[in-house]
$ cat my_file_29.csv   # CSV, C-alpha atoms
chain,number,residue,atom,x,y,z
A,1,GLU,CA,-22.6,83.8,30.3
A,2,GLY,CA,-25.5,85.6,32.0
A,3,ALA,CA,-25.7,88.2,29.4
A,4,TYR,CA,-28.7,86.6,27.7
A,5,SER,CA,-32.2,85.9,29.1
A,6,ASP,CA,-35.3,84.2,27.7
A,7,ASN,CA,-33.4,83.1,24.6
A,8,SER,CA,-34.1,79.3,24.5
A,9,ALA,CA,-37.1,76.9,24.4
A,10,THR,CA,-37.9,73.4,23.2
A,11,ASN,CA,-41.6,73.1,22.6
A,12,ALA,CA,-43.7,75.1,20.3
A,13,PHE,CA,-45.6,78.1,21.7
A,14,ALA,CA,-48.0,80.6,20.1
A,15,ARG,CA,-47.1,84.2,19.2
A,16,GLU,CA,-49.4,85.5,21.9
A,17,ASN,CA,-47.1,83.7,24.3
A,18,ALA,CA,-44.0,85.1,22.7
A,19,LEU,CA,-40.8,85.4,24.7
A,20,THR,CA,-38.6,88.5,24.8
A,21,ALA,CA,-34.9,87.6,24.6
A,22,ARG,CA,-32.5,90.2,26.1
A,23,ILE,CA,-28.7,90.7,26.0
A,24,ASP,CA,-27.1,93.0,28.6
A,25,VAL,CA,-23.7,94.6,27.6
A,26,ASN,CA,-22.9,95.4,31.2
A,27,VAL,CA,-22.8,91.7,32.0
A,28,LEU,CA,-20.7,91.0,29.0
A,29,ARG,CA,-18.2,93.7,30.2
A,30,THR,CA,-18.0,92.2,33.7
A,31,ASN,CA,-17.6,88.6,32.4
A,32,ASN,CA,-15.0,89.4,29.7
A,33,PRO,CA,-12.2,91.4,31.3
A,34,ASN,CA,-9.9,90.8,28.4
A,35,TYR,CA,-12.0,92.8,26.0
A,36,ASP,CA,-12.4,96.6,26.0
A,37,PHE,CA,-16.1,97.5,25.5
A,38,ASP,CA,-17.1,101.1,25.0
A,39,THR,CA,-18.8,102.8,27.9
A,40,THR,CA,-22.2,102.8,26.2
A,41,ASP,CA,-24.8,101.0,28.2
A,42,PHE,CA,-26.7,98.6,25.9
A,43,VAL,CA,-29.6,96.3,26.3
A,44,ALA,CA,-31.0,94.5,23.2
A,45,GLU,CA,-34.4,92.8,23.2
A,46,CYS,CA,-36.1,90.4,20.7
A,47,GLU,CA,-39.6,88.9,20.7
A,48,TRP,CA,-39.7,85.3,19.4
A,49,TRP,CA,-41.8,82.1,19.4
A,50,ILE,CA,-41.8,78.5,18.0
A,51,GLU,CA,-44.5,77.5,15.7
A,52,LYS,CA,-45.9,73.9,15.4
A,53,ARG,CA,-44.4,71.8,12.6
A,54,VAL,CA,-46.9,70.8,10.0
A,55,VAL,CA,-46.3,67.1,9.0
A,56,ASN,CA,-47.9,65.3,6.0
A,57,LEU,CA,-47.8,61.7,7.2
A,58,GLU,CA,-48.1,60.3,3.7
A,59,ASP,CA,-45.1,62.2,2.3
A,60,ASP,CA,-42.8,63.2,5.1
A,61,PHE,CA,-41.9,59.7,6.4
A,62,ALA,CA,-40.5,56.8,4.3
A,63,TRP,CA,-40.4,53.1,4.8
A,64,ASN,CA,-36.9,51.6,5.1
A,65,TYR,CA,-37.6,49.2,2.3
A,66,THR,CA,-36.2,49.8,-1.1
A,67,SER,CA,-36.0,46.4,-2.8
A,68,PRO,CA,-37.0,42.8,-2.0
A,69,PHE,CA,-35.1,40.8,0.6
A,70,THR,CA,-33.8,37.3,-0.1
A,71,PHE,CA,-34.4,34.4,2.3
A,72,SER,CA,-31.4,33.8,4.6
A,73,GLY,CA,-33.0,32.4,7.7
A,74,SER,CA,-32.9,35.7,9.4
A,75,GLU,CA,-35.8,37.9,10.3
A,76,PHE,CA,-36.5,41.0,8.2
A,77,THR,CA,-38.4,44.0,9.6
A,78,VAL,CA,-39.7,47.0,7.8
A,79,ALA,CA,-40.1,50.4,9.6
A,80,LEU,CA,-40.6,54.1,9.0
A,81,THR,CA,-37.6,56.4,8.9
A,82,GLY,CA,-37.3,60.1,9.6
A,83,LEU,CA,-39.7,60.1,12.6
A,84,PRO,CA,-39.3,62.6,15.4
A,85,ALA,CA,-37.8,61.2,18.6
A,86,ASP,CA,-41.1,61.6,20.4
A,87,ALA,CA,-43.3,60.1,17.7
A,88,GLN,CA,-45.3,57.1,18.7
A,89,VAL,CA,-45.8,54.4,16.0
A,90,GLN,CA,-48.2,51.4,16.0
A,91,TYR,CA,-47.3,48.9,13.3
A,92,GLY,CA,-49.8,46.5,11.9
A,93,GLY,CA,-50.2,43.9,9.2
A,94,THR,CA,-47.0,41.9,8.6
A,95,TYR,CA,-44.0,44.1,9.2
A,96,SER,CA,-41.6,41.3,10.2
A,97,ALA,CA,-41.0,38.0,8.5
A,98,THR,CA,-38.4,35.3,7.9
A,99,ASN,CA,-39.9,33.1,5.2
A,100,ALA,CA,-40.2,34.0,1.6
A,101,GLY,CA,-43.5,35.6,0.6
A,102,ALA,CA,-45.4,38.8,-0.1
A,103,TYR,CA,-46.4,40.9,2.8
A,104,THR,CA,-48.3,44.2,3.6
A,105,ALA,CA,-47.2,46.4,6.6
A,106,THR,CA,-49.2,49.3,8.0
A,107,ALA,CA,-48.2,52.1,10.4
A,108,THR,CA,-50.2,54.5,12.5
A,109,VAL,CA,-48.1,57.5,13.6
A,110,THR,CA,-49.1,59.7,16.6
A,111,LEU,CA,-47.3,63.0,17.0
A,112,ASN,CA,-47.1,65.3,20.0
A,113,SER,CA,-49.9,67.8,19.4
A,114,GLU,CA,-48.1,70.4,21.3
A,115,ASN,CA,-45.4,70.6,18.7
A,116,TYR,CA,-46.9,69.1,15.5
A,117,ILE,CA,-49.9,69.5,13.2
A,118,SER,CA,-50.3,66.2,11.3
A,119,THR,CA,-52.2,65.6,8.1
A,120,GLY,CA,-52.9,62.5,6.0
A,121,THR,CA,-52.0,58.9,6.9
A,122,VAL,CA,-49.1,56.6,6.3
A,123,ALA,CA,-49.6,54.5,3.1
A,124,PRO,CA,-49.4,50.8,3.6
A,125,LEU,CA,-46.2,49.0,2.3
A,126,ASN,CA,-46.3,46.0,0.1
A,127,TRP,CA,-43.0,44.2,0.6
A,128,THR,CA,-41.4,40.9,-0.4
A,129,VAL,CA,-38.9,38.3,0.8
A,130,ASN,CA,-37.8,36.3,-2.3
A,131,PRO,CA,-36.7,32.7,-2.2
A,132,TYR,CA,-33.0,32.0,-2.2
A,133,ASN,CA,-32.1,30.9,-5.7
A,134,ILE,CA,-29.7,27.9,-5.9
A,135,VAL,CA,-27.6,27.2,-8.9
A,136,ARG,CA,-26.0,23.8,-9.5
A,137,GLY,CA,-22.5,25.2,-9.5
A,138,ASP,CA,-22.9,26.0,-5.8
A,139,ILE,CA,-23.3,22.4,-4.9
A,140,VAL,CA,-20.1,21.0,-3.2
A,141,LEU,CA,-19.6,17.2,-3.3
A,142,THR,CA,-17.1,15.1,-1.5
A,143,SER,CA,-13.6,15.8,-3.0
A,144,GLY,CA,-10.1,14.4,-2.8
A,145,LEU,CA,-11.0,10.8,-3.8
A,146,VAL,CA,-8.2,8.7,-5.2
A,147,TYR,CA,-8.6,5.4,-7.0
A,148,ASN,CA,-8.3,2.5,-4.5
A,149,ARG,CA,-9.8,-0.4,-6.5
A,150,ALA,CA,-13.0,-0.3,-4.3
A,151,PRO,CA,-16.3,1.5,-4.9
A,152,GLN,CA,-16.3,5.0,-3.5
A,153,THR,CA,-19.3,7.2,-2.8
A,154,VAL,CA,-19.6,11.0,-2.7
A,155,SER,CA,-22.2,13.0,-0.8
A,156,ILE,CA,-23.3,16.6,-0.7
A,157,VAL,CA,-21.0,18.4,1.6
A,158,THR,CA,-22.3,21.9,1.5
A,159,LEU,CA,-23.6,24.8,-0.6
A,160,SER,CA,-21.1,27.4,-1.3
A,161,ASN,CA,-21.7,31.1,-0.8
A,162,ALA,CA,-25.0,30.5,1.0
A,163,PRO,CA,-26.1,31.5,4.5
A,164,VAL,CA,-26.0,28.7,7.1
A,165,ALA,CA,-29.8,28.4,7.3
A,166,VAL,CA,-30.0,28.1,3.5
A,167,ARG,CA,-27.3,25.4,3.5
A,168,GLU,CA,-29.1,23.4,6.2
A,169,LEU,CA,-32.5,23.7,4.5
A,170,PHE,CA,-30.9,22.6,1.1
A,171,LEU,CA,-29.2,19.6,2.7
A,172,SER,CA,-32.5,18.5,4.2
A,173,LEU,CA,-34.2,18.6,0.8
A,174,ALA,CA,-31.5,17.3,-1.5
A,175,GLN,CA,-31.4,13.6,-2.6
A,176,ILE,CA,-28.3,12.4,-4.4
A,177,SER,CA,-27.9,9.3,-6.7
A,178,ASN,CA,-25.4,8.0,-9.3
A,179,ASN,CA,-22.9,8.9,-6.7
A,180,THR,CA,-20.9,5.7,-6.5
A,181,ALA,CA,-18.1,4.6,-8.8
A,182,THR,CA,-14.8,2.6,-8.8
A,183,ASN,CA,-12.8,3.8,-11.7
A,184,ALA,CA,-10.8,7.0,-11.8
A,185,GLY,CA,-12.2,9.8,-13.9
A,186,THR,CA,-15.0,12.2,-14.1
A,187,HIS,CA,-18.5,11.1,-13.0
A,188,TYR,CA,-21.9,12.7,-12.9
A,189,ALA,CA,-24.3,12.5,-9.9
A,190,THR,CA,-28.0,13.3,-10.0
A,191,VAL,CA,-29.4,15.6,-7.4
A,192,ALA,CA,-33.1,15.8,-6.9
A,193,LEU,CA,-34.5,18.8,-5.1
A,194,SER,CA,-38.1,19.1,-3.7
A,195,ALA,CA,-40.1,22.2,-3.4
A,196,ASN,CA,-39.8,24.6,-0.5
A,197,VAL,CA,-41.2,28.1,-0.3
A,198,ASN,CA,-37.8,29.5,0.7
A,199,LEU,CA,-35.8,28.0,-2.2
A,200,THR,CA,-35.8,28.0,-6.0
A,201,TYR,CA,-33.4,26.0,-8.2
A,202,GLU,CA,-32.1,28.1,-11.1
A,203,GLY,CA,-35.5,29.7,-11.0
A,204,ALA,CA,-37.6,26.5,-10.8
A,205,ALA,CA,-39.7,25.3,-7.9
A,206,THR,CA,-38.2,21.7,-8.1
A,207,ALA,CA,-35.3,20.3,-10.0
A,208,GLU,CA,-33.5,17.1,-10.9
A,209,TRP,CA,-30.0,17.9,-12.0
A,210,ASN,CA,-28.2,14.9,-13.5
A,211,ASN,CA,-24.9,16.5,-14.4
A,212,ILE,CA,-23.3,17.4,-11.0
A,213,GLU,CA,-19.7,16.6,-11.7
A,214,TRP,CA,-17.4,14.7,-9.3
A,215,SER,CA,-14.2,12.8,-9.8
A,216,ILE,CA,-11.9,10.1,-8.6
A,217,ALA,CA,-8.2,10.9,-9.2
A,218,LYS,CA,-5.8,8.4,-10.7
A,219,LEU,CA,-3.5,6.6,-8.3
A,220,SER,CA,0.1,7.5,-8.7
A,221,PHE,CA,2.3,4.4,-9.5
A,222,ASP,CA,6.0,4.3,-9.9
A,223,LEU,CA,6.8,1.7,-12.6
A,224,SER,CA,10.5,1.9,-11.8
A,225,ARG,CA,10.0,0.0,-8.5
A,226,LEU,CA,8.8,-3.1,-10.3
A,227,THR,CA,11.1,-6.1,-10.4
A,228,TRP,CA,11.4,-9.2,-12.6
A,229,ASP,CA,10.9,-12.8,-11.6
A,230,TYR,CA,14.3,-13.6,-13.0
A,231,THR,CA,17.2,-14.3,-10.6
A,232,SER,CA,19.6,-16.6,-12.6
A,233,PRO,CA,20.0,-18.1,-16.2
A,234,ILE,CA,17.1,-20.4,-17.2
A,235,VAL,CA,18.0,-23.9,-18.4
A,236,TYR,CA,16.6,-24.7,-21.8
A,237,ASP,CA,13.6,-27.1,-21.9
A,238,GLU,CA,12.1,-28.9,-24.9
A,239,ASP,CA,8.5,-27.5,-24.7
A,240,HIS,CA,9.7,-23.9,-24.0
A,241,SER,CA,7.2,-23.7,-21.1
A,242,ASN,CA,9.6,-22.0,-18.7
A,243,LEU,CA,11.6,-19.9,-21.3
A,244,ALA,CA,9.9,-16.6,-20.3
A,245,VAL,CA,10.3,-13.8,-17.7
A,246,TYR,CA,7.7,-11.6,-16.2
A,247,VAL,CA,7.4,-8.7,-13.8
A,248,ASN,CA,6.7,-9.9,-10.3
A,249,ALA,CA,3.0,-10.0,-9.8
A,250,GLY,CA,3.0,-9.0,-6.1
A,251,ALA,CA,3.9,-5.3,-6.7
A,252,LEU,CA,2.2,-5.2,-10.1
A,253,GLY,CA,-1.3,-5.8,-8.7
A,254,GLU,CA,-4.0,-5.4,-11.4
A,255,ILE,CA,-1.9,-3.4,-13.8
A,256,VAL,CA,-1.6,-5.0,-17.2
A,257,LEU,CA,1.7,-4.9,-19.0
A,258,ARG,CA,2.7,-5.5,-22.6
A,259,TYR,CA,5.9,-7.4,-23.0
A,260,THR,CA,8.6,-7.6,-25.7
A,261,GLY,CA,11.6,-9.9,-25.6
A,262,ASN,CA,10.5,-11.8,-22.6
A,263,THR,CA,10.1,-15.2,-24.2
A,264,ALA,CA,12.6,-17.5,-25.9
A,265,THR,CA,12.6,-20.8,-27.9
A,266,ALA,CA,16.4,-21.4,-27.9
A,267,VAL,CA,19.5,-20.8,-25.9
A,268,GLY,CA,20.7,-17.2,-26.0
A,269,GLN,CA,20.8,-13.8,-24.4
A,270,PHE,CA,17.8,-11.5,-24.5
A,271,THR,CA,16.5,-8.1,-23.3
A,272,ALA,CA,13.0,-8.0,-22.0
A,273,THR,CA,10.9,-4.8,-21.7
A,274,ALA,CA,7.5,-4.1,-20.4
A,275,VAL,CA,5.2,-1.1,-20.8
A,276,PRO,CA,1.6,-0.5,-19.6
A,277,ALA,CA,-0.8,-2.1,-22.0
A,278,ASP,CA,-3.7,-0.4,-23.7
A,279,ASP,CA,-6.1,-1.7,-21.1
A,280,ALA,CA,-9.0,0.0,-19.3
A,281,VAL,CA,-7.7,-0.9,-15.9
A,282,ASN,CA,-4.5,1.0,-16.5
A,283,ASP,CA,-6.5,4.2,-17.0
A,284,ASN,CA,-6.9,4.3,-13.2
A,285,TYR,CA,-3.2,4.9,-12.7
A,286,ASP,CA,-0.9,7.8,-13.2
A,287,PHE,CA,2.5,6.4,-14.2
A,288,GLY,CA,4.0,9.8,-14.9
A,289,THR,CA,7.4,9.5,-16.7
A,290,THR,CA,8.4,6.3,-14.8
A,291,GLN,CA,9.3,3.1,-16.7
A,292,VAL,CA,9.7,-0.5,-16.0
A,293,PRO,CA,13.5,-1.3,-15.9
A,294,ALA,CA,14.6,-3.4,-18.8
A,295,LEU,CA,15.9,-6.9,-18.0
A,296,ASN,CA,18.9,-8.7,-19.6
A,297,TRP,CA,18.3,-12.4,-19.3
A,298,GLN,CA,19.8,-15.7,-20.5
A,299,VAL,CA,18.8,-19.2,-21.5
A,300,VAL,CA,21.6,-21.7,-21.1
A,301,PRO,CA,21.9,-25.2,-22.7
A,302,LYS,CA,20.3,-28.2,-21.0
A,303,THR,CA,22.8,-30.9,-19.9
A,304,VAL,CA,21.8,-34.4,-21.0
A,305,ASP,CA,23.3,-37.6,-19.6
A,306,LEU,CA,23.1,-39.9,-22.6
A,307,GLY,CA,23.7,-42.8,-20.3
A,308,THR,CA,20.1,-42.5,-19.1
A,309,LEU,CA,18.6,-42.9,-22.5
A,310,THR,CA,17.0,-46.2,-23.6
A,311,TRP,CA,15.0,-47.4,-26.5
A,312,ASN,CA,11.2,-47.9,-25.9
A,313,TYR,CA,11.5,-51.3,-27.5
A,314,THR,CA,11.2,-54.2,-25.1
A,315,GLY,CA,10.4,-57.1,-27.4
A,316,ALA,CA,9.1,-58.1,-30.8
A,317,TYR,CA,5.8,-56.6,-31.9
A,318,SER,CA,3.0,-58.8,-33.4
A,319,TYR,CA,1.7,-57.7,-36.8
A,320,ASN,CA,-1.7,-56.0,-36.7
A,321,GLY,CA,-1.7,-53.8,-39.8
A,322,ASN,CA,-0.7,-50.7,-37.9
A,323,GLU,CA,2.6,-48.8,-38.0
A,324,PHE,CA,5.0,-49.4,-35.2
A,325,ARG,CA,7.6,-46.9,-34.1
A,326,VAL,CA,10.7,-47.1,-31.9
A,327,PHE,CA,12.4,-44.1,-30.2
A,328,LEU,CA,14.6,-43.0,-27.4
A,329,VAL,CA,13.1,-42.2,-23.9
A,330,ASN,CA,14.7,-40.6,-20.9
A,331,SER,CA,14.8,-41.9,-17.4
A,332,GLU,CA,11.1,-41.0,-16.8
A,333,GLY,CA,10.1,-42.9,-19.9
A,334,VAL,CA,9.3,-39.8,-21.9
A,335,GLU,CA,10.3,-39.5,-25.6
A,336,VAL,CA,13.3,-37.2,-26.0
A,337,LYS,CA,12.9,-34.3,-28.5
A,338,TYR,CA,16.6,-33.9,-29.4
A,339,ALA,CA,17.0,-37.0,-31.6
A,340,SER,CA,16.3,-37.8,-35.2
A,341,TYR,CA,15.8,-41.4,-36.6
A,342,THR,CA,16.2,-43.7,-39.6
A,343,GLY,CA,14.6,-47.1,-39.8
A,344,ASN,CA,12.5,-46.6,-36.7
A,345,THR,CA,9.1,-47.1,-38.3
A,346,ALA,CA,7.5,-50.2,-40.0
A,347,THR,CA,4.1,-51.9,-40.6
A,348,LEU,CA,4.9,-55.3,-42.1
A,349,ALA,CA,6.5,-58.2,-40.3
A,350,GLY,CA,10.2,-58.3,-40.4
A,351,THR,CA,13.5,-57.3,-38.7
A,352,TYR,CA,14.6,-53.7,-38.9
A,353,ASN,CA,17.6,-51.6,-37.9
A,354,ALA,CA,16.9,-48.2,-36.3
A,355,THR,CA,19.5,-45.5,-35.9
A,356,ALA,CA,19.2,-42.4,-33.6
A,357,ALA,CA,21.2,-39.2,-34.2
A,358,LEU,CA,21.3,-36.4,-31.6
A,359,THR,CA,20.3,-32.8,-32.6
A,360,ALA,CA,23.3,-30.5,-32.6
A,361,ASN,CA,21.7,-27.0,-32.2
A,362,GLY,CA,23.4,-25.5,-29.2
A,363,ASN,CA,20.4,-26.1,-26.9
A,364,TYR,CA,21.9,-29.2,-25.3
A,365,VAL,CA,25.2,-30.3,-23.8
A,366,TYR,CA,25.6,-34.0,-24.0
A,367,THR,CA,27.6,-36.1,-21.6
A,368,GLY,CA,28.1,-39.9,-21.5
A,369,SER,CA,27.0,-42.3,-24.2
A,370,PHE,CA,24.1,-44.3,-25.5
A,371,ALA,CA,23.3,-47.1,-27.9
A,372,PRO,CA,22.4,-45.3,-31.2
A,373,ASN,CA,21.5,-48.5,-33.1
A,374,LEU,CA,18.6,-50.9,-32.4
A,375,GLU,CA,17.6,-54.1,-34.2
A,376,TRP,CA,13.9,-54.6,-33.7
A,377,THR,CA,11.3,-57.0,-35.1
A,378,ILE,CA,7.6,-57.3,-36.0

$ encode --input "my_file_29.csv" --output "structure tokens"
Amino acid sequence: EGAYSDNSATNAFARENALTARIDVNVLRTNNPNYDFDTTDFVAECEWWIEKRVVNLEDDFAWNYTSPFTFSGSEFTVALTGLPADAQVQYGGTYSATNAGAYTATATVTLNSENYISTGTVAPLNWTVNPYNIVRGDIVLTSGLVYNRAPQTVSIVTLSNAPVAVRELFLSLAQISNNTATNAGTHYATVALSANVNLTYEGAATAEWNNIEWSIAKLSFDLSRLTWDYTSPIVYDEDHSNLAVYVNAGALGEIVLRYTGNTATAVGQFTATAVPADDAVNDNYDFGTTQVPALNWQVVPKTVDLGTLTWNYTGAYSYNGNEFRVFLVNSEGVEVKYASYTGNTATLAGTYNATAALTANGNYVYTGSFAPNLEWTI
């Protein structure tokens, strides 16, 4: 420190104004007591100057633009790089833009004449902001729908991997249809997209995509929780109308089952099973590996009080050319189906003897007695 003089400068200056830099060893010796300098007195001198820098404005500075921008909703700005700190730049044309388009920017650079000699001019820059290109795979629709027997509608939720401004613009332009369904499965919505300078749709200015996939998941259903409408043995009846068992409808809902062994025509013990039928409505449910529990059920004989049986004959018929028939009826006046007859039909006038015999097939248990023979007249 202090050994040098006239050895620094910032601005350019001509040779005729050259400085003479000096270094004095005596000062070095005084300021550095830890070093042993020889006893020679020494003073060195150097004449120096700073020449002006010659700058070619066309070649020495570059624009910061290397490739087209893509619309994002943000502002893009082009500018020169490599400029000296004291350079003054006046930009013109369009050097800042947000929307997609082709632009031209200009720049006028003024350098400090004390330190620079400038030649040429900065070439204009043609630069571009490209539209954001949307592909149909980026469209995100409502998800997580599960079959509930009612129509369900999806909407466009967002646009994946896109800047916020792009998503908002897209949502304002998109129109969706074919987006309501009831049944479980894969469905396809149509998305119509109108033109906008900042967007393209798989390279096109407009689009109508009719294969945007969405789905309704099947509803899980546990068949093992189903119960049968059977609580106790069923008494045999002649028309077999009640000789059947079914799964309780309340828990079953709309599910369609295919039954085996759930009907009977005679007294006995049976095993009923039920499995989902091959029906379109069942395609809305996921039954997994669950099964409807099998049911062991029974039809028991009907007890008949024979003392309640009577013949339907109340008095002589008058000949009319038609056949007359007599038979046994129960207390409600209905013909019984567990009897067979002889002599119980006739057409001509006369007296006849009818006999009734009870069917012995295990479907009935008889108690009491009745009059098996009847004399009747036409």

$ residues_around --input "my_file_29.csv" --residues "Asn196 in chain A" --least-positions-apart "5" --cutoff "9 Å" --atoms "all atoms listed in the file" --output "PyMOL selection string"
chain A and resi 131+169+173+205-206

$ atom_distance --input "my_file_29.csv" --atom1 "CA of Ala85 in chain A" --atom2 "CA of Ala107 in chain A"
16.1 Å

$ residues_around --input "my_file_29.csv" --residues "range 250-262 of chain A" --least-positions-apart "4" --cutoff "12 Å" --atoms "only C-alpha atoms" --output "PyMOL selection string"
chain A and resi 148-149+219+221-230+242-246+268-287+291-292+294-299

$ closest_atom_pairs --input "my_file_29.csv" --of "range 180-234 of chain A" --to "range 68-83 of chain A" --cutoff "10 Å" --atoms "only C-alpha atoms" --output "Markdown table"
| residue | atom | partner | partner_atom | distance |
| --- | --- | --- | --- | --- |
| A:Val197 | CA | A:Phe71 | CA | 9.6 |
| A:Asn198 | CA | A:Phe71 | CA | 6.2 |
| A:Leu199 | CA | A:Phe71 | CA | 7.9 |

$ atom_distance --input "my_file_29.csv" --atom1 "CA of Lys302 in chain A" --atom2 "CA of Tyr366 in chain A"
8.4 Å

$ closest_residue --input "my_file_29.csv" --among "A:Trp214, A:Thr98, A:Thr121, A:Asn112" --to "Gly144 in chain A" --atoms "only C-alpha atoms"
A:Trp214

$ residues_around --input "my_file_29.csv" --residues "Glu213 in chain A" --least-positions-apart "2" --cutoff "12 Å" --atoms "all atoms listed in the file" --output "MDAnalysis selection string"
chainID A and resid 136:143 154:156 178:179 185:191 209:211 215:216

$ write_last_selection --input "my_file_29.csv" --atoms "C-alpha atoms" --output "compact mmCIF listing (two decimals), keeping the file's coordinate frame"
# COMPACT_ATOMS: atom_id res chain seq x y z
CA ARG A 136 -26.00 23.80 -9.50
CA GLY A 137 -22.50 25.20 -9.50
CA ASP A 138 -22.90 26.00 -5.80
CA ILE A 139 -23.30 22.40 -4.90
CA VAL A 140 -20.10 21.00 -3.20
CA LEU A 141 -19.60 17.20 -3.30
CA THR A 142 -17.10 15.10 -1.50
CA SER A 143 -13.60 15.80 -3.00
CA VAL A 154 -19.60 11.00 -2.70
CA SER A 155 -22.20 13.00 -0.80
CA ILE A 156 -23.30 16.60 -0.70
CA ASN A 178 -25.40 8.00 -9.30
CA ASN A 179 -22.90 8.90 -6.70
CA GLY A 185 -12.20 9.80 -13.90
CA THR A 186 -15.00 12.20 -14.10
CA HIS A 187 -18.50 11.10 -13.00
CA TYR A 188 -21.90 12.70 -12.90
CA ALA A 189 -24.30 12.50 -9.90
CA THR A 190 -28.00 13.30 -10.00
CA VAL A 191 -29.40 15.60 -7.40
CA TRP A 209 -30.00 17.90 -12.00
CA ASN A 210 -28.20 14.90 -13.50
CA ASN A 211 -24.90 16.50 -14.40
CA SER A 215 -14.20 12.80 -9.80
CA ILE A 216 -11.90 10.10 -8.60

$ residues_around --input "my_file_29.csv" --residues "Glu335 in chain A" --least-positions-apart "5" --cutoff "10 Å" --atoms "only C-alpha atoms" --output "compact mmCIF listing (two decimals) with C-alpha atoms, keeping the file's coordinate frame"
# COMPACT_ATOMS: atom_id res chain seq x y z
CA LEU A 309 18.60 -42.90 -22.50
CA THR A 310 17.00 -46.20 -23.60
CA TRP A 311 15.00 -47.40 -26.50
CA ASN A 312 11.20 -47.90 -25.90
CA VAL A 326 10.70 -47.10 -31.90
CA PHE A 327 12.40 -44.10 -30.20
CA LEU A 328 14.60 -43.00 -27.40
CA VAL A 329 13.10 -42.20 -23.90
CA ASN A 330 14.70 -40.60 -20.90

$ atom_distance --input "my_file_29.csv" --atom1 "CA of Ile134 in chain A" --atom2 "CA of Tyr103 in chain A"
22.9 Å

$ closest_residue --input "my_file_29.csv" --among "A:Val300, A:Val109, A:Ala204, A:Val336" --to "Val122 in chain A" --atoms "all atoms listed in the file"
A:Val109

$ closest_residue --input "my_file_29.csv" --among "A:Phe170, A:Ala181, A:Ser160, A:Tyr116" --to "Ala195 in chain A" --atoms "only C-alpha atoms"
A:Phe170

$ residues_around --input "my_file_29.csv" --residues "Trp376 in chain A" --least-positions-apart "2" --cutoff "8 Å" --atoms "all atoms listed in the file" --output "number ranges by chain"
A: 313, 315-316, 351-354, 374, 378

$ closest_residue --input "my_file_29.csv" --among "A:Thr104, A:Glu375, A:Thr290, A:Tyr317" --to "Thr342 in chain A" --atoms "all atoms listed in the file"
A:Glu375

$ closest_residue --input "my_file_29.csv" --among "A:Glu332, A:Glu323, A:Asp237, A:Asp305" --to "Thr345 in chain A" --atoms "only C-alpha atoms"
A:Glu323

$ closest_residue --input "my_file_29.csv" --among "A:Val334, A:Ala356, A:Ala162, A:Leu193" --to "Ala174 in chain A" --atoms "all atoms listed in the file"
A:Leu193

$ decode --input "my_file_29.csv" --residues "range 59-67 of chain A" --atoms "N, CA, C and O atoms" --output "PDB file, in the first residue's frame"
ATOM      1  N   ASP A  59     -23.380  -7.038 -34.428  1.00  0.00           N
ATOM      2  CA  ASP A  59     -22.832  -8.363 -34.122  1.00  0.00           C
ATOM      3  C   ASP A  59     -22.509  -8.581 -32.649  1.00  0.00           C
ATOM      4  O   ASP A  59     -22.514  -9.719 -32.176  1.00  0.00           O
ATOM      5  N   ASP A  60     -22.192  -7.540 -31.917  1.00  0.00           N
ATOM      6  CA  ASP A  60     -21.654  -7.729 -30.572  1.00  0.00           C
ATOM      7  C   ASP A  60     -22.724  -7.978 -29.505  1.00  0.00           C
ATOM      8  O   ASP A  60     -22.401  -8.495 -28.432  1.00  0.00           O
ATOM      9  N   PHE A  61     -23.973  -7.591 -29.773  1.00  0.00           N
ATOM     10  CA  PHE A  61     -25.042  -7.796 -28.798  1.00  0.00           C
ATOM     11  C   PHE A  61     -26.106  -8.725 -29.392  1.00  0.00           C
ATOM     12  O   PHE A  61     -26.412  -8.640 -30.583  1.00  0.00           O
ATOM     13  N   ALA A  62     -26.657  -9.608 -28.574  1.00  0.00           N
ATOM     14  CA  ALA A  62     -27.649 -10.595 -29.048  1.00  0.00           C
ATOM     15  C   ALA A  62     -28.971 -10.410 -28.308  1.00  0.00           C
ATOM     16  O   ALA A  62     -29.004  -9.990 -27.150  1.00  0.00           O
ATOM     17  N   TRP A  63     -30.059 -10.754 -29.008  1.00  0.00           N
ATOM     18  CA  TRP A  63     -31.366 -10.787 -28.358  1.00  0.00           C
ATOM     19  C   TRP A  63     -31.450 -12.036 -27.471  1.00  0.00           C
ATOM     20  O   TRP A  63     -30.853 -13.069 -27.765  1.00  0.00           O
ATOM     21  N   ASN A  64     -32.215 -11.946 -26.402  1.00  0.00           N
ATOM     22  CA  ASN A  64     -32.366 -13.078 -25.487  1.00  0.00           C
ATOM     23  C   ASN A  64     -33.394 -14.098 -25.962  1.00  0.00           C
ATOM     24  O   ASN A  64     -33.847 -14.945 -25.194  1.00  0.00           O
ATOM     25  N   TYR A  65     -33.757 -14.027 -27.214  1.00  0.00           N
ATOM     26  CA  TYR A  65     -34.788 -14.909 -27.796  1.00  0.00           C
ATOM     27  C   TYR A  65     -34.099 -15.986 -28.630  1.00  0.00           C
ATOM     28  O   TYR A  65     -33.320 -15.687 -29.535  1.00  0.00           O
ATOM     29  N   THR A  66     -34.377 -17.253 -28.316  1.00  0.00           N
ATOM     30  CA  THR A  66     -33.771 -18.358 -29.059  1.00  0.00           C
ATOM     31  C   THR A  66     -34.795 -19.243 -29.759  1.00  0.00           C
ATOM     32  O   THR A  66     -34.463 -19.919 -30.737  1.00  0.00           O
ATOM     33  N   SER A  67     -36.034 -19.254 -29.260  1.00  0.00           N
ATOM     34  CA  SER A  67     -37.083 -20.083 -29.862  1.00  0.00           C
ATOM     35  C   SER A  67     -38.435 -19.516 -29.456  1.00  0.00           C
ATOM     36  O   SER A  67     -38.533 -18.778 -28.470  1.00  0.00           O
TER      37      SER A  67
END
